[in-house]
file structure02.cif (mmCIF, C-alpha atoms)
data_final
#
loop_
_atom_site.label_atom_id
_atom_site.label_comp_id
_atom_site.auth_asym_id
_atom_site.auth_seq_id
_atom_site.Cartn_x
_atom_site.Cartn_y
_atom_site.Cartn_z
CA MET A 1 -91.05 -22.78 63.19
CA GLU A 2 -91.67 -19.15 64.16
CA ARG A 3 -88.19 -18.88 65.67
CA LEU A 4 -86.61 -20.34 62.52
CA TYR A 5 -88.53 -17.85 60.37
CA CYS A 6 -87.23 -14.94 62.48
CA MET A 7 -83.65 -16.22 62.20
CA ARG A 8 -83.94 -16.39 58.44
CA ARG A 9 -85.34 -12.88 58.24
CA THR A 10 -82.62 -11.38 60.48
CA PRO A 11 -79.92 -10.91 57.80
CA VAL A 12 -82.46 -9.43 55.38
CA LEU A 13 -83.67 -6.88 57.94
CA LEU A 14 -80.11 -6.05 59.00
CA PHE A 15 -79.05 -5.54 55.38
CA ALA A 16 -82.02 -3.22 54.80
CA PHE A 17 -81.28 -1.26 57.99
CA LEU A 18 -77.66 -0.60 56.97
CA ALA A 19 -78.82 0.57 53.56
CA LEU A 20 -81.34 2.92 55.21
CA CYS A 21 -78.72 4.48 57.47
CA GLY A 22 -76.80 5.54 54.39
CA GLU A 23 -79.87 7.35 53.12
CA MET A 24 -80.15 9.15 56.48
CA ALA A 25 -76.51 10.34 56.54
CA HIS A 26 -77.45 13.86 55.47
CA ALA A 27 -80.92 14.03 56.99
CA ASP A 28 -79.96 17.34 58.66
CA PHE A 29 -79.61 19.18 55.32
CA PRO A 30 -82.99 20.32 53.95
CA GLY A 31 -81.84 20.28 50.31
CA THR A 32 -82.19 24.03 49.73
CA CYS A 33 -80.40 27.04 51.17
CA ASP A 34 -79.49 30.71 50.79
CA THR A 35 -76.47 31.09 48.48
CA ASN A 36 -76.34 34.89 48.62
CA PRO A 37 -74.08 36.75 48.36
CA SER A 38 -71.54 34.03 47.54
CA ARG A 39 -72.45 31.32 45.04
CA CYS A 40 -70.04 28.89 46.75
CA SER A 41 -71.55 29.11 50.23
CA CYS A 42 -74.85 27.83 51.54
CA VAL A 43 -76.59 29.01 54.72
CA TYR A 44 -79.37 26.77 55.97
CA THR A 45 -81.21 25.70 59.12
CA ASP A 46 -80.39 22.24 60.40
CA THR A 47 -83.61 20.21 60.32
CA VAL A 48 -82.68 18.37 63.54
CA THR A 49 -80.88 20.88 65.80
CA LYS A 50 -82.56 23.98 64.25
CA LYS A 51 -79.18 25.71 64.27
CA LYS A 52 -78.09 27.93 61.41
CA MET A 53 -75.33 26.16 59.48
CA ILE A 54 -73.16 26.98 56.46
CA TYR A 55 -71.19 25.20 53.76
CA ASP A 56 -68.44 27.52 52.57
CA LEU A 57 -65.82 26.62 49.96
CA SER A 58 -64.11 30.03 49.82
CA ALA A 59 -60.99 28.62 51.53
CA ILE A 60 -60.35 26.37 48.51
CA SER A 61 -60.86 28.90 45.73
CA LYS A 62 -58.77 31.47 43.86
CA SER A 63 -59.79 34.94 42.70
CA ASP A 64 -56.99 35.59 40.19
CA GLY A 65 -58.56 33.79 37.23
CA ASN A 66 -56.81 30.48 37.93
CA PHE A 67 -58.19 27.15 39.11
CA TRP A 68 -57.61 25.97 42.69
CA PHE A 69 -57.70 22.32 41.67
CA SER A 70 -55.66 21.76 38.52
CA GLU A 71 -54.88 18.73 36.34
CA VAL A 72 -56.86 16.25 38.40
CA ARG A 73 -56.84 12.94 36.54
CA GLY A 74 -60.37 11.59 36.16
CA ASP A 75 -61.56 8.00 36.07
CA ASP A 76 -62.13 8.55 32.33
CA THR A 77 -58.38 9.45 31.96
CA PHE A 78 -59.05 13.13 31.12
CA MET A 79 -57.72 16.05 33.18
CA TYR A 80 -60.09 18.27 35.16
CA PHE A 81 -59.93 21.71 36.78
CA TYR A 82 -62.20 23.23 39.44
CA ASN A 83 -62.48 26.59 41.22
CA PRO A 84 -65.58 26.81 43.46
CA CYS A 85 -66.01 30.55 44.06
CA ALA A 86 -64.88 32.45 40.98
CA GLY A 87 -64.70 32.02 37.24
CA ALA A 88 -61.34 30.89 35.86
CA THR A 89 -59.92 30.76 32.36
CA LEU A 90 -57.65 28.36 30.46
CA ALA A 91 -58.43 28.04 26.74
CA GLY A 92 -61.17 26.92 24.39
CA THR A 93 -64.57 27.28 26.04
CA CYS A 94 -62.96 27.31 29.49
CA THR A 95 -63.52 31.03 29.86
CA ASN A 96 -64.82 32.40 33.16
CA VAL A 97 -66.02 28.96 34.30
CA VAL A 98 -65.74 27.00 37.57
CA GLY A 99 -65.10 23.65 35.90
CA CYS A 100 -63.04 22.61 32.90
CA GLN A 101 -62.08 19.40 31.10
CA ASN A 102 -58.89 18.90 29.11
CA PHE A 103 -60.44 16.86 26.28
CA PHE A 104 -57.51 15.63 24.17
CA GLU A 105 -56.08 18.87 22.66
CA ASP A 106 -59.12 20.96 23.58
CA PHE A 107 -60.42 22.59 26.78
CA VAL A 108 -64.17 22.32 27.43
CA GLY A 109 -66.04 24.40 30.00
CA LEU A 110 -68.29 22.41 32.35
CA GLY A 111 -70.09 24.89 34.61
CA ALA A 112 -70.80 28.55 35.24
CA LEU A 113 -70.68 30.06 38.73
CA GLN A 114 -74.04 31.80 38.24
CA SER A 115 -75.76 28.44 37.75
CA SER A 116 -74.58 26.94 41.07
CA ARG A 117 -77.08 25.49 43.51
CA PHE A 118 -76.72 23.35 46.62
CA THR A 119 -78.92 20.27 46.72
CA VAL A 120 -79.07 16.59 47.72
CA GLU A 121 -78.09 14.23 44.92
CA ARG A 122 -77.84 10.44 45.39
CA SER A 123 -78.24 10.94 49.15
CA LYS A 124 -75.25 13.30 49.29
CA VAL A 125 -74.95 17.07 49.64
CA ALA A 126 -73.77 18.42 46.30
CA ILE A 127 -73.21 21.63 44.33
CA GLN A 128 -74.63 21.47 40.83
CA TYR A 129 -73.54 23.61 37.88
CA PHE A 130 -74.66 24.02 34.28
CA LEU A 131 -73.09 25.43 31.12
CA ALA A 132 -74.68 25.77 27.67
CA GLU A 133 -72.18 24.41 25.13
CA SER A 134 -72.48 24.17 21.33
CA ARG A 135 -71.34 20.54 21.40
CA GLY A 136 -73.82 19.63 24.11
CA ASP A 137 -74.83 21.23 27.41
CA ARG A 138 -72.59 20.31 30.34
CA TYR A 139 -73.59 19.58 33.94
CA MET A 140 -71.50 19.17 37.08
CA ASN A 141 -72.21 17.38 40.37
CA VAL A 142 -69.66 18.32 43.03
CA PHE A 143 -70.32 16.09 46.04
CA LEU A 144 -69.19 17.32 49.46
CA ASP A 145 -67.49 14.55 51.43
CA CYS A 146 -66.90 15.89 54.95
CA ARG A 147 -63.69 14.47 56.44
CA GLU A 148 -62.39 16.38 59.46
CA ASP A 149 -59.26 14.18 59.51
CA ILE A 150 -58.17 15.37 56.05
CA THR A 151 -56.77 18.86 56.56
CA THR A 152 -55.71 19.38 52.93
CA THR A 153 -58.94 19.14 50.96
CA GLN A 154 -58.71 17.05 47.82
CA LEU A 155 -60.69 16.73 44.58
CA THR A 156 -61.44 13.47 42.81
CA ALA A 157 -63.05 13.29 39.37
CA ALA A 158 -65.20 10.49 37.97
CA GLY A 159 -65.95 12.25 34.68
CA ASP A 160 -69.18 11.53 32.83
CA LEU A 161 -68.95 7.75 32.97
CA LEU A 162 -72.31 7.45 34.72
CA VAL A 163 -74.35 9.92 32.66
CA PRO A 164 -73.03 11.45 29.42
CA TYR A 165 -72.22 15.18 29.74
CA THR A 166 -72.88 15.07 33.51
CA TYR A 167 -69.54 15.19 35.30
CA ASP A 168 -69.17 13.92 38.87
CA PHE A 169 -66.60 15.23 41.33
CA ASN A 170 -65.91 14.72 45.04
CA VAL A 171 -64.48 17.40 47.32
CA VAL A 172 -63.00 15.43 50.21
CA GLY A 173 -61.73 17.04 53.41
CA LYS A 174 -62.48 19.44 56.24
CA ASP A 175 -63.51 22.23 53.85
CA ALA A 176 -66.44 20.08 52.72
CA CYS A 177 -67.94 20.10 56.23
CA ALA A 178 -70.82 22.27 57.45
CA ARG A 179 -70.06 24.78 60.22
CA GLU A 180 -72.26 26.58 62.68
CA TYR A 181 -73.11 30.07 61.46
CA LYS A 182 -73.70 32.86 63.98
CA ASP A 183 -74.08 36.50 62.95
CA GLY A 184 -71.65 36.16 60.08
CA PHE A 185 -69.09 34.15 62.08
CA LEU A 186 -68.21 30.50 61.57
CA THR A 187 -67.67 28.07 64.44
CA VAL A 188 -66.48 24.52 64.09
CA VAL A 189 -69.14 21.95 64.88
CA VAL A 190 -67.93 18.53 65.85
CA GLY A 191 -70.81 16.11 66.01
CA LEU A 192 -72.73 13.34 64.33
CA THR A 193 -75.93 13.45 62.32
CA PRO A 194 -78.85 11.15 63.17
CA GLY A 195 -77.93 9.08 60.13
CA SER A 196 -74.40 8.63 61.49
CA TYR A 197 -75.80 7.38 64.81
CA MET A 198 -77.98 4.94 62.87
CA CYS A 199 -74.95 3.65 61.00
CA ILE A 200 -72.97 3.17 64.21
CA PHE A 201 -75.92 1.40 65.83
CA GLY A 202 -76.33 -0.79 62.74
CA PHE A 203 -72.69 -1.87 62.72
CA VAL A 204 -72.82 -2.65 66.44
CA ILE A 205 -75.86 -4.85 65.78
CA LEU A 206 -73.99 -6.49 62.88
CA ILE A 207 -71.03 -7.34 65.13
CA LEU A 208 -73.33 -8.70 67.84
CA TYR A 209 -75.22 -10.69 65.21
CA LEU A 210 -72.00 -12.31 63.98
CA VAL A 211 -70.47 -12.96 67.41
CA VAL A 212 -73.60 -14.23 69.17
CA GLY A 213 -74.67 -16.19 66.11
CA ALA A 214 -71.26 -17.86 65.83
CA VAL A 215 -71.37 -18.86 69.52
CA VAL A 216 -74.85 -20.33 69.12
CA GLN A 217 -73.85 -22.21 65.96
CA ARG A 218 -70.70 -23.60 67.60
CA PHE A 219 -71.95 -24.66 71.01
CA LYS A 220 -75.67 -25.29 70.49
CA PHE A 221 -75.69 -26.77 66.99
CA GLN A 222 -72.13 -28.15 67.07
CA LYS A 223 -71.14 -26.47 63.82
CA SER A 224 -67.53 -25.90 62.79
CA GLY A 225 -65.52 -24.07 60.13
CA VAL A 226 -67.41 -21.60 57.95
CA GLU A 227 -70.72 -23.09 59.08
CA ILE A 228 -70.47 -21.22 62.38
CA ILE A 229 -71.34 -18.06 60.42
CA PRO A 230 -74.99 -17.22 61.24
CA ASN A 231 -77.35 -17.93 58.34
CA TYR A 232 -74.39 -19.28 56.37
CA THR A 233 -76.62 -20.69 53.63
CA PHE A 234 -78.24 -17.30 53.07
CA TRP A 235 -74.94 -15.41 52.79
CA VAL A 236 -73.42 -18.01 50.45
CA GLY A 237 -76.46 -17.87 48.20
CA LEU A 238 -76.77 -14.06 48.26
CA PRO A 239 -74.54 -13.39 45.19
CA SER A 240 -76.54 -15.84 43.07
CA LEU A 241 -79.80 -14.30 44.31
CA ILE A 242 -78.60 -10.83 43.34
CA LYS A 243 -77.49 -12.15 39.95
CA GLU A 244 -80.84 -13.84 39.33
CA GLY A 245 -82.67 -10.67 40.36
CA ALA A 246 -80.57 -8.58 37.96
CA PHE A 247 -81.25 -11.01 35.11
CA PHE A 248 -84.94 -11.01 35.96
CA ILE A 249 -85.11 -7.20 35.76
CA ARG A 250 -83.08 -7.22 32.55
CA ASP A 251 -85.38 -9.79 30.96
CA LYS A 252 -88.46 -7.82 32.00
CA LEU A 253 -87.05 -4.60 30.54
CA THR A 254 -85.97 -6.39 27.36
CA GLY A 255 -89.43 -7.88 27.05
CA LEU A 256 -91.06 -4.47 27.44
CA ARG A 257 -88.81 -2.87 24.84
CA GLY A 258 -88.82 -5.71 22.32
CA GLY A 259 -92.27 -7.07 22.95
CA GLY A 260 -90.80 -10.46 23.78
CA GLY A 261 -91.43 -12.63 26.75
CA SER A 262 -89.31 -13.76 29.63
CA ASP A 263 -87.66 -17.09 30.37
CA TYR A 264 -89.16 -17.00 33.86
CA GLU A 265 -92.26 -19.03 34.45
CA LYS A 266 -95.36 -16.93 34.96
CA LEU A 267 -97.02 -17.37 38.35
#

call {"tool": "encode", "arguments": {"input": "structure02.cif", "output": "structure tokens"}}
result
Amino acid sequence: MERLYCMRRTPVLLFAFLALCGEMAHADFPGTCDTNPSRCSCVYTDTVTKKKMIYDLSAISKSDGNFWFSEVRGDDTFMYFYNPCAGATLAGTCTNVVGCQNFFEDFVGLGALQSSRFTVERSKVAIQYFLAESRGDRYMNVFLDCREDITTTQLTAAGDLLVPYTYDFNVVGKDACAREYKDGFLTVVVGLTPGSYMCIFGFVILILYLVVGAVVQRFKFQKSGVEIIPNYTFWVGLPSLIKEGAFFIRDKLTGLRGGGGSDYEKL
């Protein structure tokens, strides 16, 4: 009975571990840093190695009043513009700003360089900007997605689909990576964070779980077909469990807002 209980708990624990490793992916960044003198760079001390590191986006910025990233189609179908290190100008309220949205026939500013700050948002390193606007204050989250294999850094735009007037962007490529900072000089650091090691370890465990579990199911319990998948019943039922959980939370929230009850039986 105890062994069966452990087998049933294995996929749950593994699922939780993989989720945790994602939260640890940027455990080396403390969340605050020195942005002087440039508002598009961030010098900080790695919380694990204690080395001085820097994020610096000056290589993907213009200083002539134009945007480095131009006419990037967002998930909301609008066009976006971004220039990390200096204010740029187009039209409308896009005057001396780092971010701009082409909203139908108008241009709307999204962020001022002076408001920039490096932080951790949704478990990712991000630069946040703010701009007071008569039609509603605008906010920007520019997430830094370090990819050493992408030599030409790219910008993707999600728009404000998640939170109104808060615009999400992703800078993807080698220029979004942190470098070692020594006496004003940058050196390339090739390495993995503790969170990355946790993710690798988790995926190795996942593969072992599937392979060893399949062998046990096939030769010990004489299973065949899809039933050789370890804890097959659990994985098949997982979507319905997630759905029921979502409905349960929805019903609870609806009950709190409307004063009504829930269809679930009270325990």

call {"tool": "resolve_selection", "arguments": {"input": "structure02.cif", "expression": "the PyMOL selection byres ((chain A and resi 82) around 6)", "output": "count of residues only"}}
result
6

call {"tool": "atom_distance", "arguments": {"input": "structure02.cif", "atom1": "CA of Ile242 (chain A)", "atom2": "CA of Pro230 (chain A)"}}
result
19.3 Å

call {"tool": "closest_residue", "arguments": {"input": "structure02.cif", "among": "A:Asp251, A:Lys182, A:Gly213, A:Glu105", "to": "Gly92 (chain A)", "atoms": "all atoms listed in the file"}}
result
A:Glu105

call {"tool": "closest_residue", "arguments": {"input": "structure02.cif", "among": "A:Asn141, A:Asn231, A:Gln217, A:Ser63", "to": "Asp160 (chain A)", "atoms": "only C-alpha atoms"}}
result
A:Asn141

call {"tool": "resolve_selection", "arguments": {"input": "structure02.cif", "expression": "the PyMOL selection byres ((chain A and resi 114-119) around 10)", "output": "PyMOL selection string"}}
result
chain A and resi 29-35+38-43+55+84-87+97-98+111-113+120-131+139-143

call {"tool": "axis_aligned_box", "arguments": {"input": "structure02.cif", "around": "region 217-225 of chain A", "padding_each_side": "4 Å", "output": "AutoDock Vina command-line options"}}
result
--center_x -70.6 --center_y -25.2 --center_z 65.6 --size_x 18.2 --size_y 13.9 --size_z 18.9

call {"tool": "atom_distance", "arguments": {"input": "structure02.cif", "atom1": "CA of Ala59 (chain A)", "atom2": "CA of Thr153 (chain A)"}}
result
9.7 Å

call {"tool": "closest_residue", "arguments": {"input": "structure02.cif", "among": "A:Gln101, A:Thr45, A:Gln222, A:Asn96", "to": "Asp168 (chain A)", "atoms": "all atoms listed in the file"}}
result
A:Gln101

call {"tool": "closest_residue", "arguments": {"input": "structure02.cif", "among": "A:Thr49, A:Ser58, A:Ser240, A:Thr156", "to": "Asp75 (chain A)", "atoms": "all atoms listed in the file"}}
result
A:Thr156

call {"tool": "closest_residue", "arguments": {"input": "structure02.cif", "among": "A:Arg138, A:Leu162, A:Ile54, A:Ala88", "to": "Asp76 (chain A)", "atoms": "all atoms listed in the file"}}
result
A:Leu162
